[in-house]
Amino acid sequence: MNLVLDIGNTRTKTGLFDRSRLAEQAVWQDCTLEELMRYGKEAGAERVIFSSVALPDSSTLQHLAENFVNAIELTHEVPLPFRNAYRTPETLGKDRLAAVAGAQALFQGQNCMVVDCGTCIKYELLLGEGVYLGGNIAPGAAMRLQAMHTFTARLPEAPMRMPDTSVGYSTETALQNGALRGAALEIEGFARMFRERAAPLMILLTGGDAEFFSPFLNHIPGIQVVPHLTLHGLNHILEYNAHINRTP
């Protein structure tokens with residue numbers, strides 16, 4: 001059993017994997033490392049991988065290594081199951097790496113565009129032969145709505161709701177169309193551009209706003225919502241490292 005930890009600023013997402021199968025998933029608020037270790041050990045986990053928004057933490061890694069057979073902290077130096085063609089790997093977000101690995105794990109041998117709809121909308125392109133070409137980063141849905149309110153004198157902060165028409169009939173719906181329908185059109189546009197580089201192409205929506213955008217994008221060929229993609233990716237990286245480090 002593998003324990004996967006995706007550690008954020010205020011919450012931690014965990015996954016228990018039986019090899020490649022996600023057996024259990026949970027979200028923890030304000031938990032301690034000891035609680036997470038106890039949870040993993042009680043579930044029979046022998047290996048652990050963690051990704052944290054904080055800087056690399058040797059003490060956390062050492063503590064985990066003392067309690068599990070194998071422990072890995074995801075950094076740009078960890079061996080990956082795909083070739084990373086990003087020119088500045090040291091600046092590449094670990095969440096982006098994990099999402100790409102998740103696409104490879106679940107859609108082996110297929111060209112994939114990952115669209116992570118979170119605080120920012122992140123676009124990643126993975127070729128079926130196992131090469132990550134890179135991607136793009138844009139403001140997320142809430143950020144777009146908030147920015148128009150924050151950086152202007154009189155525009156309100158509109159709620160996150162898609163209008164029923166593409167022509168705004170009030171200031172609120174005009175803001176919503178610009179921010180939200182604009183983001184959906186951006187996703188569609190990048191899908192079209194990425195497909196020119198790699199076809200056929202799977203479009204994988206993930207992240208907190210994936211379900212919100214999905215109904216407005218279901219006309220795009222090959223698109224689907226994939227929950228827990230990052231957890232699958234972290235587990236894929238853990239399994240890959242266990243394989244390459246296995247004694248013959």
# chains A, B, ... in the order shown; residues from 1 in each chain; ligands from 1
$ select_by_dssp --residues "segment 107-196 of chain A" --states "strand (DSSP E or B)" --output "PyMOL selection string"
chain A and resi 112-117+120-127+131-139
$ write_last_selection --atoms "N, CA and C atoms" --output "short mmCIF file (atom, residue, chain, number, x, y, z; two decimals), in the first residue's frame"
data_model
loop_
_atom_site.label_atom_id
_atom_site.label_comp_id
_atom_site.auth_asym_id
_atom_site.auth_seq_id
_atom_site.Cartn_x
_atom_site.Cartn_y
_atom_site.Cartn_z
N CYS A 112 -2.02 14.05 -24.12
CA CYS A 112 -2.93 14.61 -23.12
C CYS A 112 -2.66 16.10 -22.89
N MET A 113 -3.74 16.84 -22.83
CA MET A 113 -3.69 18.22 -22.37
C MET A 113 -4.38 18.26 -21.01
N VAL A 114 -3.63 18.60 -19.98
CA VAL A 114 -4.18 18.72 -18.63
C VAL A 114 -4.60 20.17 -18.40
N VAL A 115 -5.84 20.37 -17.96
CA VAL A 115 -6.33 21.70 -17.61
C VAL A 115 -6.70 21.67 -16.14
N ASP A 116 -5.85 22.25 -15.30
CA ASP A 116 -6.05 22.27 -13.86
C ASP A 116 -6.76 23.58 -13.51
N CYS A 117 -8.05 23.48 -13.20
CA CYS A 117 -8.87 24.67 -12.96
C CYS A 117 -8.90 24.98 -11.47
N CYS A 120 -5.17 29.31 -10.20
CA CYS A 120 -4.81 29.62 -11.58
C CYS A 120 -5.29 28.47 -12.46
N ILE A 121 -5.48 28.75 -13.74
CA ILE A 121 -5.78 27.69 -14.70
C ILE A 121 -4.47 27.34 -15.38
N LYS A 122 -4.07 26.08 -15.23
CA LYS A 122 -2.78 25.64 -15.75
C LYS A 122 -3.02 24.64 -16.87
N TYR A 123 -2.29 24.83 -17.96
CA TYR A 123 -2.41 24.00 -19.15
C TYR A 123 -1.09 23.26 -19.36
N GLU A 124 -1.16 21.94 -19.49
CA GLU A 124 0.04 21.14 -19.68
C GLU A 124 -0.15 20.23 -20.90
N LEU A 125 0.95 20.00 -21.65
CA LEU A 125 0.88 19.14 -22.83
C LEU A 125 1.87 18.00 -22.69
N LEU A 126 1.33 16.79 -22.64
CA LEU A 126 2.12 15.56 -22.54
C LEU A 126 1.91 14.74 -23.80
N LEU A 127 3.01 14.40 -24.46
CA LEU A 127 2.92 13.57 -25.66
C LEU A 127 2.82 12.10 -25.27
N VAL A 131 6.80 12.51 -23.37
CA VAL A 131 7.56 13.76 -23.33
C VAL A 131 6.62 14.88 -22.89
N TYR A 132 6.98 15.56 -21.81
CA TYR A 132 6.23 16.72 -21.35
C TYR A 132 6.84 17.96 -22.00
N LEU A 133 6.05 18.62 -22.85
CA LEU A 133 6.57 19.77 -23.60
C LEU A 133 6.51 21.07 -22.80
N GLY A 134 5.60 21.16 -21.83
CA GLY A 134 5.43 22.39 -21.09
C GLY A 134 3.97 22.80 -21.07
N GLY A 135 3.71 24.06 -20.78
CA GLY A 135 2.32 24.51 -20.71
C GLY A 135 2.23 25.99 -20.42
N ASN A 136 1.05 26.41 -20.01
CA ASN A 136 0.76 27.83 -19.78
C ASN A 136 0.01 28.00 -18.46
N ILE A 137 0.07 29.21 -17.94
CA ILE A 137 -0.61 29.55 -16.68
C ILE A 137 -1.42 30.82 -16.90
N ALA A 138 -2.68 30.78 -16.46
CA ALA A 138 -3.57 31.94 -16.58
C ALA A 138 -4.32 32.13 -15.27
N PRO A 139 -4.91 33.32 -15.05
CA PRO A 139 -5.70 33.52 -13.82
C PRO A 139 -6.88 32.56 -13.77
#
$ residues_around --residues "segment 180-189 of chain A" --least-positions-apart "4" --cutoff "12 Å" --atoms "only C-alpha atoms" --output "VMD selection string"
chain A and resid 113 to 118 120 to 124 136 to 146 158 to 168 172 to 176 193 to 196 203 to 205 209 to 210 212 to 223
$ select_by_dssp --residues "segment 69-159 of chain A" --states "helix (DSSP H, G or I)" --output "ChimeraX atom specification"
/A:89-91,94-106,141-150
$ write_last_selection --atoms "C-alpha atoms" --output "PDB file, in the first residue's frame"
ATOM      1  CA  PRO A  89      12.600  22.602 -14.318  1.00  0.00           C
ATOM      2  CA  GLU A  90      13.642  24.154 -11.018  1.00  0.00           C
ATOM      3  CA  THR A  91      10.817  26.711 -11.358  1.00  0.00           C
ATOM      4  CA  LYS A  94       5.229  20.418  -8.237  1.00  0.00           C
ATOM      5  CA  ASP A  95       1.467  20.342  -8.729  1.00  0.00           C
ATOM      6  CA  ARG A  96       2.043  20.687 -12.463  1.00  0.00           C
ATOM      7  CA  LEU A  97       4.536  17.804 -12.470  1.00  0.00           C
ATOM      8  CA  ALA A  98       2.144  15.610 -10.511  1.00  0.00           C
ATOM      9  CA  ALA A  99      -0.799  16.398 -12.803  1.00  0.00           C
ATOM     10  CA  VAL A 100       1.238  15.446 -15.879  1.00  0.00           C
ATOM     11  CA  ALA A 101       2.295  12.203 -14.204  1.00  0.00           C
ATOM     12  CA  GLY A 102      -1.362  11.528 -13.406  1.00  0.00           C
ATOM     13  CA  ALA A 103      -2.299  11.951 -17.062  1.00  0.00           C
ATOM     14  CA  GLN A 104       0.395   9.484 -18.046  1.00  0.00           C
ATOM     15  CA  ALA A 105      -0.720   6.975 -15.410  1.00  0.00           C
ATOM     16  CA  LEU A 106      -4.385   7.023 -16.412  1.00  0.00           C
ATOM     17  CA  ALA A 141     -12.088  31.970 -12.368  1.00  0.00           C
ATOM     18  CA  ALA A 142     -12.324  33.576  -8.917  1.00  0.00           C
ATOM     19  CA  MET A 143      -9.133  35.542  -9.509  1.00  0.00           C
ATOM     20  CA  ARG A 144     -10.570  37.049 -12.706  1.00  0.00           C
ATOM     21  CA  LEU A 145     -13.757  38.168 -10.997  1.00  0.00           C
ATOM     22  CA  GLN A 146     -11.902  39.542  -7.986  1.00  0.00           C
ATOM     23  CA  ALA A 147      -9.275  41.364 -10.055  1.00  0.00           C
ATOM     24  CA  MET A 148     -11.839  43.411 -11.982  1.00  0.00           C
ATOM     25  CA  HIS A 149     -13.330  44.561  -8.682  1.00  0.00           C
ATOM     26  CA  THR A 150      -9.987  45.185  -6.948  1.00  0.00           C
TER      27      THR A 150
END
$ closest_residue --among "A:Thr206, A:Thr119, A:Asn9, A:Asn67" --to "Gln224 of chain A" --atoms "only C-alpha atoms"
A:Thr206
$ closest_residue --among "A:Pro56, A:Glu35, A:Phe151, A:Phe17" --to "His76 of chain A" --atoms "only C-alpha atoms"
A:Pro56
$ closest_residue --among "A:Ile49, A:Leu22, A:Leu33, A:Leu3" --to "Leu229 of chain A" --atoms "only C-alpha atoms"
A:Leu22
$ atom_distance --atom1 "atom CA of Val226 of chain A" --atom2 "atom CA of Gly93 of chain A"
19.5 Å
$ closest_residue --among "A:Asn2, A:Thr88, A:Thr10, A:Ser58" --to "Glu46 of chain A" --atoms "only C-alpha atoms"
A:Asn2
